[in-house]
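Engineer: My structure is stored as structure24.pdb, with PDB, C-alpha atoms and all ligand atoms.
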```pdb
ATOM      1  CA  MET D  11      15.633   0.698   5.456  1.00  0.00           C
ATOM      2  CA  ASN D  12      15.289  -2.984   4.803  1.00  0.00           C
ATOM      3  CA  ILE D  13      11.868  -3.455   3.138  1.00  0.00           C
ATOM      4  CA  THR D  14      10.021  -6.603   2.077  1.00  0.00           C
ATOM      5  CA  VAL D  15       7.312  -6.244  -0.546  1.00  0.00           C
ATOM      6  CA  ILE D  16       4.747  -9.062  -0.646  1.00  0.00           C
ATOM      7  CA  GLY D  17       3.388  -8.823  -4.185  1.00  0.00           C
ATOM      8  CA  ARG D  18       5.803  -7.651  -6.852  1.00  0.00           C
ATOM      9  CA  GLY D  19       3.344  -6.532  -9.515  1.00  0.00           C
ATOM     10  CA  ASN D  20       2.327  -3.008 -10.526  1.00  0.00           C
ATOM     11  CA  ILE D  21       2.193  -1.532  -7.060  1.00  0.00           C
ATOM     12  CA  GLY D  22       4.696  -3.733  -5.183  1.00  0.00           C
ATOM     13  CA  GLY D  23       7.230  -3.739  -8.014  1.00  0.00           C
ATOM     14  CA  GLY D  24       6.657  -0.050  -8.741  1.00  0.00           C
ATOM     15  CA  LEU D  25       7.238   1.054  -5.150  1.00  0.00           C
ATOM     16  CA  ALA D  26      10.197  -1.325  -4.847  1.00  0.00           C
ATOM     17  CA  ASP D  27      11.833   0.433  -7.829  1.00  0.00           C
ATOM     18  CA  LEU D  28      11.235   3.886  -6.311  1.00  0.00           C
ATOM     19  CA  TRP D  29      12.491   2.842  -2.868  1.00  0.00           C
ATOM     20  CA  GLU D  30      15.615   1.212  -4.294  1.00  0.00           C
ATOM     21  CA  ARG D  31      16.341   4.433  -6.154  1.00  0.00           C
ATOM     22  CA  ALA D  32      16.042   6.250  -2.809  1.00  0.00           C
ATOM     23  CA  GLY D  33      18.663   3.931  -1.275  1.00  0.00           C
ATOM     24  CA  HIS D  34      16.529   1.292   0.474  1.00  0.00           C
ATOM     25  CA  GLN D  35      17.166  -2.456   0.313  1.00  0.00           C
ATOM     26  CA  VAL D  36      14.082  -4.236  -1.016  1.00  0.00           C
ATOM     27  CA  THR D  37      13.237  -7.948  -1.059  1.00  0.00           C
ATOM     28  CA  ARG D  38      10.442  -8.817  -3.500  1.00  0.00           C
ATOM     29  CA  LEU D  39       8.195 -11.788  -2.687  1.00  0.00           C
ATOM     30  CA  GLY D  40       5.576 -13.290  -4.994  1.00  0.00           C
ATOM     31  CA  ARG D  41       3.049 -16.010  -4.353  1.00  0.00           C
ATOM     32  CA  GLY D  42       5.874 -18.412  -3.465  1.00  0.00           C
ATOM     33  CA  GLY D  43       6.222 -16.524  -0.169  1.00  0.00           C
ATOM     34  CA  GLY D  44       9.420 -16.136   1.843  1.00  0.00           C
ATOM     35  CA  ASP D  45      10.777 -14.662   5.067  1.00  0.00           C
ATOM     36  CA  ALA D  46      10.387 -11.090   6.272  1.00  0.00           C
ATOM     37  CA  SER D  47      12.161 -11.357   9.621  1.00  0.00           C
ATOM     38  CA  ALA D  48      15.048  -9.077   8.595  1.00  0.00           C
ATOM     39  CA  SER D  49      12.787  -6.236   7.452  1.00  0.00           C
ATOM     40  CA  ASP D  50      12.185  -2.867   9.078  1.00  0.00           C
ATOM     41  CA  ALA D  51       8.952  -2.502   7.095  1.00  0.00           C
ATOM     42  CA  VAL D  52       6.715  -4.671   4.935  1.00  0.00           C
ATOM     43  CA  LEU D  53       4.501  -3.617   2.024  1.00  0.00           C
ATOM     44  CA  LEU D  54       1.501  -5.837   1.250  1.00  0.00           C
ATOM     45  CA  ALA D  55       0.507  -5.451  -2.395  1.00  0.00           C
ATOM     46  CA  VAL D  56      -1.431  -8.532  -3.492  1.00  0.00           C
ATOM     47  CA  PRO D  57      -4.988  -8.762  -4.854  1.00  0.00           C
ATOM     48  CA  GLY D  58      -7.432  -7.776  -2.111  1.00  0.00           C
ATOM     49  CA  ALA D  59      -8.925 -11.263  -1.901  1.00  0.00           C
ATOM     50  CA  ALA D  60      -5.483 -12.924  -1.587  1.00  0.00           C
ATOM     51  CA  VAL D  61      -4.417 -11.303   1.687  1.00  0.00           C
ATOM     52  CA  GLU D  62      -4.924 -14.376   3.891  1.00  0.00           C
ATOM     53  CA  ALA D  63      -3.057 -16.661   1.484  1.00  0.00           C
ATOM     54  CA  ALA D  64      -0.272 -14.132   1.031  1.00  0.00           C
ATOM     55  CA  LEU D  65       0.364 -13.625   4.755  1.00  0.00           C
ATOM     56  CA  ALA D  66       0.229 -17.378   5.363  1.00  0.00           C
ATOM     57  CA  SER D  67       3.092 -17.848   2.887  1.00  0.00           C
ATOM     58  CA  VAL D  68       5.442 -15.409   4.654  1.00  0.00           C
ATOM     59  CA  THR D  69       7.319 -16.091   7.910  1.00  0.00           C
ATOM     60  CA  GLY D  70       8.830 -13.557  10.300  1.00  0.00           C
ATOM     61  CA  LEU D  71       5.958 -11.041  10.208  1.00  0.00           C
ATOM     62  CA  GLU D  72       5.405 -10.886  13.983  1.00  0.00           C
ATOM     63  CA  GLY D  73       5.525  -7.314  15.246  1.00  0.00           C
ATOM     64  CA  LYS D  74       6.493  -5.857  11.862  1.00  0.00           C
ATOM     65  CA  THR D  75       5.318  -2.497  10.608  1.00  0.00           C
ATOM     66  CA  VAL D  76       3.098  -3.319   7.627  1.00  0.00           C
ATOM     67  CA  LEU D  77       1.860  -0.915   4.971  1.00  0.00           C
ATOM     68  CA  ASP D  78      -1.135  -2.542   3.314  1.00  0.00           C
ATOM     69  CA  ALA D  79      -1.818  -1.232  -0.200  1.00  0.00           C
ATOM     70  CA  THR D  80      -4.637  -3.638  -1.055  1.00  0.00           C
ATOM     71  CA  ASN D  81      -8.024  -2.536  -2.302  1.00  0.00           C
ATOM     72  CA  LEU D  82     -11.372  -4.276  -2.198  1.00  0.00           C
ATOM     73  CA  TYR D  83     -13.749  -3.757  -5.079  1.00  0.00           C
ATOM     74  CA  GLY D  84     -16.162  -5.683  -7.250  1.00  0.00           C
ATOM     75  CA  GLY D  85     -17.866  -7.176  -4.191  1.00  0.00           C
ATOM     76  CA  ALA D  86     -14.652  -8.503  -2.583  1.00  0.00           C
ATOM     77  CA  ARG D  87     -14.838  -8.578   1.227  1.00  0.00           C
ATOM     78  CA  PRO D  88     -12.184  -8.592   3.939  1.00  0.00           C
ATOM     79  CA  PRO D  89     -11.597 -11.861   5.821  1.00  0.00           C
ATOM     80  CA  ASP D  90     -14.521 -12.947   8.046  1.00  0.00           C
ATOM     81  CA  GLY D  91     -14.758 -11.004  11.282  1.00  0.00           C
ATOM     82  CA  PHE D  92     -12.844  -7.945  10.027  1.00  0.00           C
ATOM     83  CA  SER D  93     -14.094  -4.706   8.544  1.00  0.00           C
ATOM     84  CA  SER D  94     -10.891  -4.163   6.516  1.00  0.00           C
ATOM     85  CA  ASN D  95      -7.941  -6.093   5.154  1.00  0.00           C
ATOM     86  CA  ALA D  96      -5.649  -3.828   7.164  1.00  0.00           C
ATOM     87  CA  GLU D  97      -7.293  -4.808  10.463  1.00  0.00           C
ATOM     88  CA  TYR D  98      -6.918  -8.452   9.469  1.00  0.00           C
ATOM     89  CA  VAL D  99      -3.214  -7.808   8.780  1.00  0.00           C
ATOM     90  CA  LYS D 100      -2.789  -6.360  12.259  1.00  0.00           C
ATOM     91  CA  SER D 101      -4.472  -9.386  13.823  1.00  0.00           C
ATOM     92  CA  VAL D 102      -1.836 -11.580  12.173  1.00  0.00           C
ATOM     93  CA  THR D 103       1.288  -9.504  12.826  1.00  0.00           C
ATOM     94  CA  GLY D 104       0.415  -7.634  16.038  1.00  0.00           C
ATOM     95  CA  GLY D 105       2.632  -4.782  14.819  1.00  0.00           C
ATOM     96  CA  PRO D 106       2.060  -1.181  13.700  1.00  0.00           C
ATOM     97  CA  THR D 107      -0.207  -1.242  10.663  1.00  0.00           C
ATOM     98  CA  ALA D 108      -1.284   1.245   8.021  1.00  0.00           C
ATOM     99  CA  LYS D 109      -3.409   1.264   4.922  1.00  0.00           C
ATOM    100  CA  ALA D 110      -1.186   3.184   2.510  1.00  0.00           C
ATOM    101  CA  PHE D 111      -0.529   3.647  -1.234  1.00  0.00           C
ATOM    102  CA  SER D 112      -3.922   2.103  -2.026  1.00  0.00           C
ATOM    103  CA  THR D 113      -5.219   5.345  -3.567  1.00  0.00           C
ATOM    104  CA  ASN D 114      -2.279   6.062  -5.909  1.00  0.00           C
ATOM    105  CA  PHE D 115      -2.125   4.783  -9.490  1.00  0.00           C
ATOM    106  CA  ALA D 116       0.975   2.653 -10.032  1.00  0.00           C
ATOM    107  CA  SER D 117       0.968   3.480 -13.754  1.00  0.00           C
ATOM    108  CA  LEU D 118       2.112   7.027 -12.869  1.00  0.00           C
ATOM    109  CA  PHE D 119       4.938   6.101 -10.482  1.00  0.00           C
ATOM    110  CA  GLY D 120       7.538   6.624 -13.218  1.00  0.00           C
ATOM    111  CA  ARG D 121       6.534  10.276 -13.556  1.00  0.00           C
ATOM    112  CA  ILE D 122       6.286  11.249  -9.881  1.00  0.00           C
ATOM    113  CA  ALA D 123       9.915  12.368  -9.629  1.00  0.00           C
ATOM    114  CA  ASP D 124       9.224  15.063 -12.278  1.00  0.00           C
ATOM    115  CA  ALA D 125       6.107  16.434 -10.565  1.00  0.00           C
ATOM    116  CA  ARG D 126       5.972  20.242 -10.047  1.00  0.00           C
ATOM    117  CA  VAL D 127       4.417  19.679  -6.621  1.00  0.00           C
ATOM    118  CA  ARG D 128       4.290  16.567  -4.497  1.00  0.00           C
ATOM    119  CA  PRO D 129       1.129  14.504  -5.049  1.00  0.00           C
ATOM    120  CA  SER D 130      -0.672  13.327  -1.917  1.00  0.00           C
ATOM    121  CA  GLY D 131      -1.102   9.756  -0.784  1.00  0.00           C
ATOM    122  CA  LEU D 132      -3.836   8.893   1.690  1.00  0.00           C
ATOM    123  CA  TRP D 133      -3.086   6.659   4.637  1.00  0.00           C
ATOM    124  CA  ALA D 134      -5.024   5.412   7.651  1.00  0.00           C
ATOM    125  CA  GLY D 135      -3.500   3.567  10.546  1.00  0.00           C
ATOM    126  CA  ASP D 136      -1.627   3.349  13.800  1.00  0.00           C
ATOM    127  CA  ASP D 137       0.322   6.270  15.278  1.00  0.00           C
ATOM    128  CA  GLN D 138       3.319   3.929  15.576  1.00  0.00           C
ATOM    129  CA  ALA D 139       3.311   3.476  11.784  1.00  0.00           C
ATOM    130  CA  GLN D 140       3.315   7.216  11.036  1.00  0.00           C
ATOM    131  CA  ASP D 141       7.083   7.744  10.743  1.00  0.00           C
ATOM    132  CA  VAL D 142       7.507   4.802   8.375  1.00  0.00           C
ATOM    133  CA  VAL D 143       4.539   5.873   6.241  1.00  0.00           C
ATOM    134  CA  SER D 144       5.861   9.455   6.045  1.00  0.00           C
ATOM    135  CA  ARG D 145       9.378   8.405   5.169  1.00  0.00           C
ATOM    136  CA  LEU D 146       8.436   5.796   2.583  1.00  0.00           C
ATOM    137  CA  SER D 147       5.842   8.126   1.033  1.00  0.00           C
ATOM    138  CA  ASP D 148       8.466  10.845   0.808  1.00  0.00           C
ATOM    139  CA  ASP D 149      11.001   8.497  -0.705  1.00  0.00           C
ATOM    140  CA  ALA D 150       8.458   7.427  -3.332  1.00  0.00           C
ATOM    141  CA  GLY D 151       7.710  11.083  -4.176  1.00  0.00           C
ATOM    142  CA  PHE D 152       4.399  11.432  -2.322  1.00  0.00           C
ATOM    143  CA  GLU D 153       3.269  13.462   0.670  1.00  0.00           C
ATOM    144  CA  ALA D 154       1.359  11.334   3.160  1.00  0.00           C
ATOM    145  CA  VAL D 155      -2.050  12.706   4.200  1.00  0.00           C
ATOM    146  CA  ARG D 156      -3.726  10.965   7.095  1.00  0.00           C
ATOM    147  CA  LEU D 157      -7.327   9.848   6.814  1.00  0.00           C
ATOM    148  CA  GLY D 158      -7.519   8.544  10.377  1.00  0.00           C
ATOM    149  CA  ASP D 159      -6.580   5.604  12.550  1.00  0.00           C
ATOM    150  CA  LEU D 160      -6.860   1.972  11.572  1.00  0.00           C
ATOM    151  CA  SER D 161     -10.639   2.029  11.986  1.00  0.00           C
ATOM    152  CA  MET D 162     -10.684   4.223   8.841  1.00  0.00           C
ATOM    153  CA  ALA D 163      -8.878   1.603   6.741  1.00  0.00           C
ATOM    154  CA  ALA D 164     -12.222   0.205   5.554  1.00  0.00           C
ATOM    155  CA  THR D 165     -13.210   3.655   4.289  1.00  0.00           C
ATOM    156  CA  GLN D 166      -9.915   3.945   2.426  1.00  0.00           C
ATOM    157  CA  GLU D 167     -10.226   0.440   0.951  1.00  0.00           C
ATOM    158  CA  GLY D 168     -13.655   1.383  -0.315  1.00  0.00           C
ATOM    159  CA  LEU D 169     -12.342   4.415  -2.216  1.00  0.00           C
ATOM    160  CA  ALA D 170     -11.032   2.304  -5.101  1.00  0.00           C
ATOM    161  CA  GLY D 171     -14.398   2.311  -6.862  1.00  0.00           C
ATOM    162  CA  THR D 172     -14.596   6.107  -6.593  1.00  0.00           C
ATOM    163  CA  LEU D 173     -11.074   6.537  -7.989  1.00  0.00           C
ATOM    164  CA  PHE D 174     -11.818   4.223 -10.925  1.00  0.00           C
ATOM    165  CA  ALA D 175     -15.071   6.095 -11.618  1.00  0.00           C
ATOM    166  CA  ILE D 176     -13.211   9.433 -11.703  1.00  0.00           C
ATOM    167  CA  ALA D 177     -10.526   7.970 -13.991  1.00  0.00           C
ATOM    168  CA  GLN D 178     -13.153   6.525 -16.324  1.00  0.00           C
ATOM    169  CA  SER D 179     -15.155   9.753 -16.459  1.00  0.00           C
ATOM    170  CA  GLY D 180     -12.626  11.541 -18.646  1.00  0.00           C
ATOM    171  CA  LEU D 181      -9.611  12.312 -16.445  1.00  0.00           C
ATOM    172  CA  GLY D 182      -7.767   9.037 -16.920  1.00  0.00           C
ATOM    173  CA  GLU D 183      -5.391   7.830 -14.211  1.00  0.00           C
ATOM    174  CA  PHE D 184      -4.502  10.814 -12.054  1.00  0.00           C
ATOM    175  CA  VAL D 185      -2.604  12.239  -9.103  1.00  0.00           C
ATOM    176  CA  TYR D 186      -4.195  14.484  -6.478  1.00  0.00           C
ATOM    177  CA  ARG D 187      -3.051  16.896  -3.832  1.00  0.00           C
ATOM    178  CA  MET D 188      -4.646  17.769  -0.482  1.00  0.00           C
ATOM    179  CA  ALA D 189      -2.941  20.756   1.091  1.00  0.00           C
ATOM    180  CA  PRO D 190      -3.540  23.295   3.851  1.00  0.00           C
ATOM    181  CA  PRO D 191      -4.900  26.710   2.814  1.00  0.00           C
ATOM    182  CA  GLU D 192      -1.525  28.354   3.585  1.00  0.00           C
ATOM    183  CA  GLU D 193      -0.318  26.732   0.381  1.00  0.00           C
ATOM    184  CA  LEU D 194      -2.897  28.497  -1.770  1.00  0.00           C
TER     185      LEU D 194
HETATM  186  N1  LIG D 201      -2.255  -1.143  -9.784  1.00  0.00           N
HETATM  187  C1  LIG D 201      -2.513  -0.030  -9.103  1.00  0.00           C
HETATM  188  O1  LIG D 201      -2.416   1.103  -9.628  1.00  0.00           O
HETATM  189  C2  LIG D 201      -2.912  -0.129  -7.659  1.00  0.00           C
HETATM  190  C3  LIG D 201      -2.975   1.061  -6.935  1.00  0.00           C
HETATM  191  C4  LIG D 201      -3.280   1.012  -5.584  1.00  0.00           C
HETATM  192  C5  LIG D 201      -3.553  -0.214  -4.994  1.00  0.00           C
HETATM  193  N2  LIG D 201      -3.532  -1.352  -5.733  1.00  0.00           N
HETATM  194  C6  LIG D 201      -3.832  -2.620  -5.043  1.00  0.00           C
HETATM  195  O2  LIG D 201      -2.595  -3.277  -4.842  1.00  0.00           O
HETATM  196  C7  LIG D 201      -2.795  -4.699  -4.939  1.00  0.00           C
HETATM  197  C8  LIG D 201      -1.882  -5.241  -6.025  1.00  0.00           C
HETATM  198  O3  LIG D 201      -2.250  -4.670  -7.275  1.00  0.00           O
HETATM  199  P1  LIG D 201      -1.285  -4.806  -8.535  1.00  0.00           P
HETATM  200  O4  LIG D 201      -1.894  -3.970  -9.597  1.00  0.00           O
HETATM  201  O5  LIG D 201       0.126  -4.554  -8.124  1.00  0.00           O
HETATM  202  O6  LIG D 201      -1.460  -6.361  -8.880  1.00  0.00           O
HETATM  203  P2  LIG D 201      -0.554  -7.288  -9.819  1.00  0.00           P
HETATM  204  O7  LIG D 201       0.291  -6.453 -10.705  1.00  0.00           O
HETATM  205  O8  LIG D 201      -1.469  -8.296 -10.410  1.00  0.00           O
HETATM  206  O9  LIG D 201       0.434  -8.035  -8.787  1.00  0.00           O
HETATM  207  C9  LIG D 201      -0.093  -8.885  -7.819  1.00  0.00           C
HETATM  208  C10 LIG D 201       1.041  -9.534  -7.048  1.00  0.00           C
HETATM  209  O10 LIG D 201       0.430 -10.299  -6.012  1.00  0.00           O
HETATM  210  C11 LIG D 201       1.004 -11.581  -5.977  1.00  0.00           C
HETATM  211  N3  LIG D 201       0.003 -12.546  -5.522  1.00  0.00           N
HETATM  212  C12 LIG D 201      -1.138 -12.906  -6.132  1.00  0.00           C
HETATM  213  N4  LIG D 201      -1.788 -13.833  -5.402  1.00  0.00           N
HETATM  214  C13 LIG D 201      -1.019 -14.077  -4.326  1.00  0.00           C
HETATM  215  C14 LIG D 201      -1.117 -14.948  -3.228  1.00  0.00           C
HETATM  216  N5  LIG D 201      -2.158 -15.764  -3.069  1.00  0.00           N
HETATM  217  N6  LIG D 201      -0.125 -14.917  -2.315  1.00  0.00           N
HETATM  218  C15 LIG D 201       0.928 -14.105  -2.453  1.00  0.00           C
HETATM  219  N7  LIG D 201       1.079 -13.252  -3.493  1.00  0.00           N
HETATM  220  C16 LIG D 201       0.114 -13.252  -4.411  1.00  0.00           C
HETATM  221  C17 LIG D 201       1.475 -11.864  -7.373  1.00  0.00           C
HETATM  222  O11 LIG D 201       2.511 -12.830  -7.255  1.00  0.00           O
HETATM  223  P3  LIG D 201       3.415 -13.390  -8.462  1.00  0.00           P
HETATM  224  O12 LIG D 201       4.441 -12.339  -8.750  1.00  0.00           O
HETATM  225  O13 LIG D 201       4.038 -14.632  -7.915  1.00  0.00           O
HETATM  226  O14 LIG D 201       2.458 -13.629  -9.605  1.00  0.00           O
HETATM  227  C18 LIG D 201       1.922 -10.479  -7.827  1.00  0.00           C
HETATM  228  O15 LIG D 201       3.285 -10.259  -7.480  1.00  0.00           O
HETATM  229  C19 LIG D 201      -4.287  -4.906  -5.205  1.00  0.00           C
HETATM  230  O16 LIG D 201      -4.945  -5.133  -3.980  1.00  0.00           O
HETATM  231  C20 LIG D 201      -4.713  -3.577  -5.813  1.00  0.00           C
HETATM  232  O17 LIG D 201      -6.086  -3.293  -5.588  1.00  0.00           O
HETATM  233  C21 LIG D 201      -3.204  -1.330  -7.044  1.00  0.00           C
END
```
Now that the file is in, can you turn its structure into structure tokens?
Structural biologist:
Amino acid sequence: MNITVIGRGNIGGGLADLWERAGHQVTRLGRGGGDASASDAVLLAVPGAAVEAALASVTGLEGKTVLDATNLYGGARPPDGFSSNAEYVKSVTGGPTAKAFSTNFASLFGRIADARVRPSGLWAGDDQAQDVVSRLSDDAGFEAVRLGDLSMAATQEGLAGTLFAIAQSGLGEFVYRMAPPEEL
């Protein structure tokens, strides 16, 4: 696939590396912006409060499938009138939208390929985004687990504080797996 990542830091750069290794073509955009019109999928991985500025700096987003990895914590709020960043993203692009990769620690991406079992990655979003989320999760070494439709994106964005609290309570940065009982 042809993928544009908006935000090329820990999460955007980390996923770009994994996807390139899996054979995808990735264009990495920073705060200078750029054009996404040639992409099959777009990853949004900028600070949670920078989503409006980031989307405004990128052309060619209309109708694109966007995977939004941003988190909101420390009192940060989505843009006015929206309950999540992901719903704001959809209002701008009009395309299939998912909150994805926001609950996975980028610092561990380099070790995912060696995992004994596939870690999970939560996502919430549109049915039309499901195939892209599944494929790009797979190609990054994760198994996508759905939390719900796009109305659940706010719940997922709010999980960051819980994940940090777990990490800071002795476990450190971690992976997790949610699996059906048949796998016990
Ligand atoms: N780090 C993690 O483990 C992790 C895990 C899950 C989710 N997240 C979420 O993913 C997002 C990115 O986190 P990160 O750790 O990857 O951050 P980061 O390493 O600081 O990278 C942020 C990226 O966003 C770009 N950026 C900043 N302001 C921008 C703007 N106004 N317009 C366009 N681009 C802008 C930066 O551009 P330049 O390259 O030009 O400086 C940089 O490439 C955050 O919302 C975070 O909560 C992070």
Engineer: Show me, as JSON lines, the residues of chain D having an atom within 6 Å of ligand LIG 201 (chain D), each with the closest atom pair and its distance in Å, using only C-alpha atoms and all ligand atoms.
Structural biologist:
```
{"residue": "D:Gly17", "atom": "CA", "partner": "D:LIG201", "partner_atom": "O15", "distance": 3.6}
{"residue": "D:Arg18", "atom": "CA", "partner": "D:LIG201", "partner_atom": "O15", "distance": 3.7}
{"residue": "D:Gly19", "atom": "CA", "partner": "D:LIG201", "partner_atom": "O7", "distance": 3.3}
{"residue": "D:Asn20", "atom": "CA", "partner": "D:LIG201", "partner_atom": "O5", "distance": 3.6}
{"residue": "D:Ile21", "atom": "CA", "partner": "D:LIG201", "partner_atom": "O5", "distance": 3.8}
{"residue": "D:Gly22", "atom": "CA", "partner": "D:LIG201", "partner_atom": "O5", "distance": 5.5}
{"residue": "D:Gly40", "atom": "CA", "partner": "D:LIG201", "partner_atom": "O13", "distance": 3.6}
{"residue": "D:Arg41", "atom": "CA", "partner": "D:LIG201", "partner_atom": "C15", "distance": 3.4}
{"residue": "D:Ala55", "atom": "CA", "partner": "D:LIG201", "partner_atom": "C7", "distance": 4.2}
{"residue": "D:Val56", "atom": "CA", "partner": "D:LIG201", "partner_atom": "O10", "distance": 3.6}
{"residue": "D:Pro57", "atom": "CA", "partner": "D:LIG201", "partner_atom": "O16", "distance": 3.7}
{"residue": "D:Gly58", "atom": "CA", "partner": "D:LIG201", "partner_atom": "O16", "distance": 4.1}
{"residue": "D:Ala60", "atom": "CA", "partner": "D:LIG201", "partner_atom": "N5", "distance": 4.6}
{"residue": "D:Ala63", "atom": "CA", "partner": "D:LIG201", "partner_atom": "N5", "distance": 4.7}
{"residue": "D:Ala64", "atom": "CA", "partner": "D:LIG201", "partner_atom": "N6", "distance": 3.4}
{"residue": "D:Ala79", "atom": "CA", "partner": "D:LIG201", "partner_atom": "O2", "distance": 5.1}
{"residue": "D:Thr80", "atom": "CA", "partner": "D:LIG201", "partner_atom": "O16", "distance": 3.3}
{"residue": "D:Asn81", "atom": "CA", "partner": "D:LIG201", "partner_atom": "O17", "distance": 3.9}
{"residue": "D:Phe111", "atom": "CA", "partner": "D:LIG201", "partner_atom": "C4", "distance": 5.8}
{"residue": "D:Ser112", "atom": "CA", "partner": "D:LIG201", "partner_atom": "C4", "distance": 3.8}
{"residue": "D:Thr113", "atom": "CA", "partner": "D:LIG201", "partner_atom": "C4", "distance": 5.2}
{"residue": "D:Asn114", "atom": "CA", "partner": "D:LIG201", "partner_atom": "C3", "distance": 5.2}
{"residue": "D:Phe115", "atom": "CA", "partner": "D:LIG201", "partner_atom": "O1", "distance": 3.7}
{"residue": "D:Ala116", "atom": "CA", "partner": "D:LIG201", "partner_atom": "O1", "distance": 3.8}
{"residue": "D:Ser117", "atom": "CA", "partner": "D:LIG201", "partner_atom": "O1", "distance": 5.8}
```
Engineer: What lies within 12 Å of segment 190-193 of chain D using all atoms listed in the file, ignoring chain neighbours under 4 positions off, as a list of chain:residue names?
Structural biologist: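 That gives D:Val127, D:Ser130, D:Val155.
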Engineer: Work out how far atom CA of Leu25 of chain D is from atom CA of Ala150 of chain D, in Å to one decimal.
Structural biologist: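 So the two atoms, atom CA of Ala150 of chain D and atom CA of Leu25 of chain D, lie 6.7 Å apart.
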Engineer: Expanded to explicit residues, what is the PyMOL selection byres (((chain D and resi 32) around 10) and not hetatm) for this file, as a list in words?
Structural biologist: Met11, Ala26, Asp27, Leu28, Trp29, Glu30, Arg31, Gly33, His34, Gln35, Leu146, Asp148, Asp149, Ala150 and Gly151 of chain D
Engineer: Which value, in Å to one decimal, gives the distance between atom CA of Ser94 of chain D and atom CA of Gln138 of chain D?
Structural biologist: 18.7 Å
Engineer: Using the chain letters and numbers from this file, what does the PyMOL selection byres (((chain D and resi 176-188) around 6) and not hetatm) select? Give the answer as a PyMOL selection string.
Structural biologist: chain D and resi 129-130+173-175+189
Engineer: What residues come out when you apply the PyMOL selection byres (((chain D and resi 102) around 12) and not hetatm) to this file, written as a list in words?
Structural biologist: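 Those residues are Val61, Glu62, Ala63, Ala64, Leu65, Ala66, Val68, Thr69, Gly70, Leu71, Glu72, Gly73, Lys74, Thr75, Val76, Pro89, Phe92, Asn95, Ala96, Glu97, Tyr98, Val99, Lys100, Ser101, Thr103, Gly104, Gly105, Pro106 and Thr107 of chain D.
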Engineer: Record the distance separating atom CA of Ser67 of chain D and atom CA of Gln166 of chain D, expressed in Å with one decimal.
Structural biologist: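 Spanning atom CA of Ser67 of chain D to atom CA of Gln166 of chain D is a straight-line distance of 25.4 Å.
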Engineer: Using all atoms listed in the file, what residues lie at most 9 Å away from (15.0, -8.5, 8.1) (file coordinates), given as a list in words?
Structural biologist: Asn12, Ile13, Thr14, Asp45, Ala46, Ser47, Ala48, Ser49, Asp50, Ala51 and Gly70 of chain D
Engineer: Of the candidates D:Asp78, D:Ala86, D:Gly43, D:Gly91, which one gets nearest to Leu132 of chain D if we count only C-alpha atoms?
Structural biologist: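 Answer, going by the shortest atom-to-atom distance: D:Asp78.
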Engineer: Which of these, D:Leu53, D:Ala108, D:Arg121, D:Tyr83, has the shortest distance to Asp141 of chain D once you count all atoms listed in the file?
Structural biologist: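 The answer is D:Ala108, which sits nearest to Asp141 of chain D.
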Engineer: Let me have the centre and edge lengths of the axis-aligned box enclosing all listed atoms of segment 79-92 of chain D with 4 Å padding on every side, in Å to one decimal, as JSON.
Structural biologist:
```
{"center_x": -9.8, "center_y": -7.1, "center_z": 2.0, "size_x": 24.0, "size_y": 19.7, "size_z": 26.5}
```
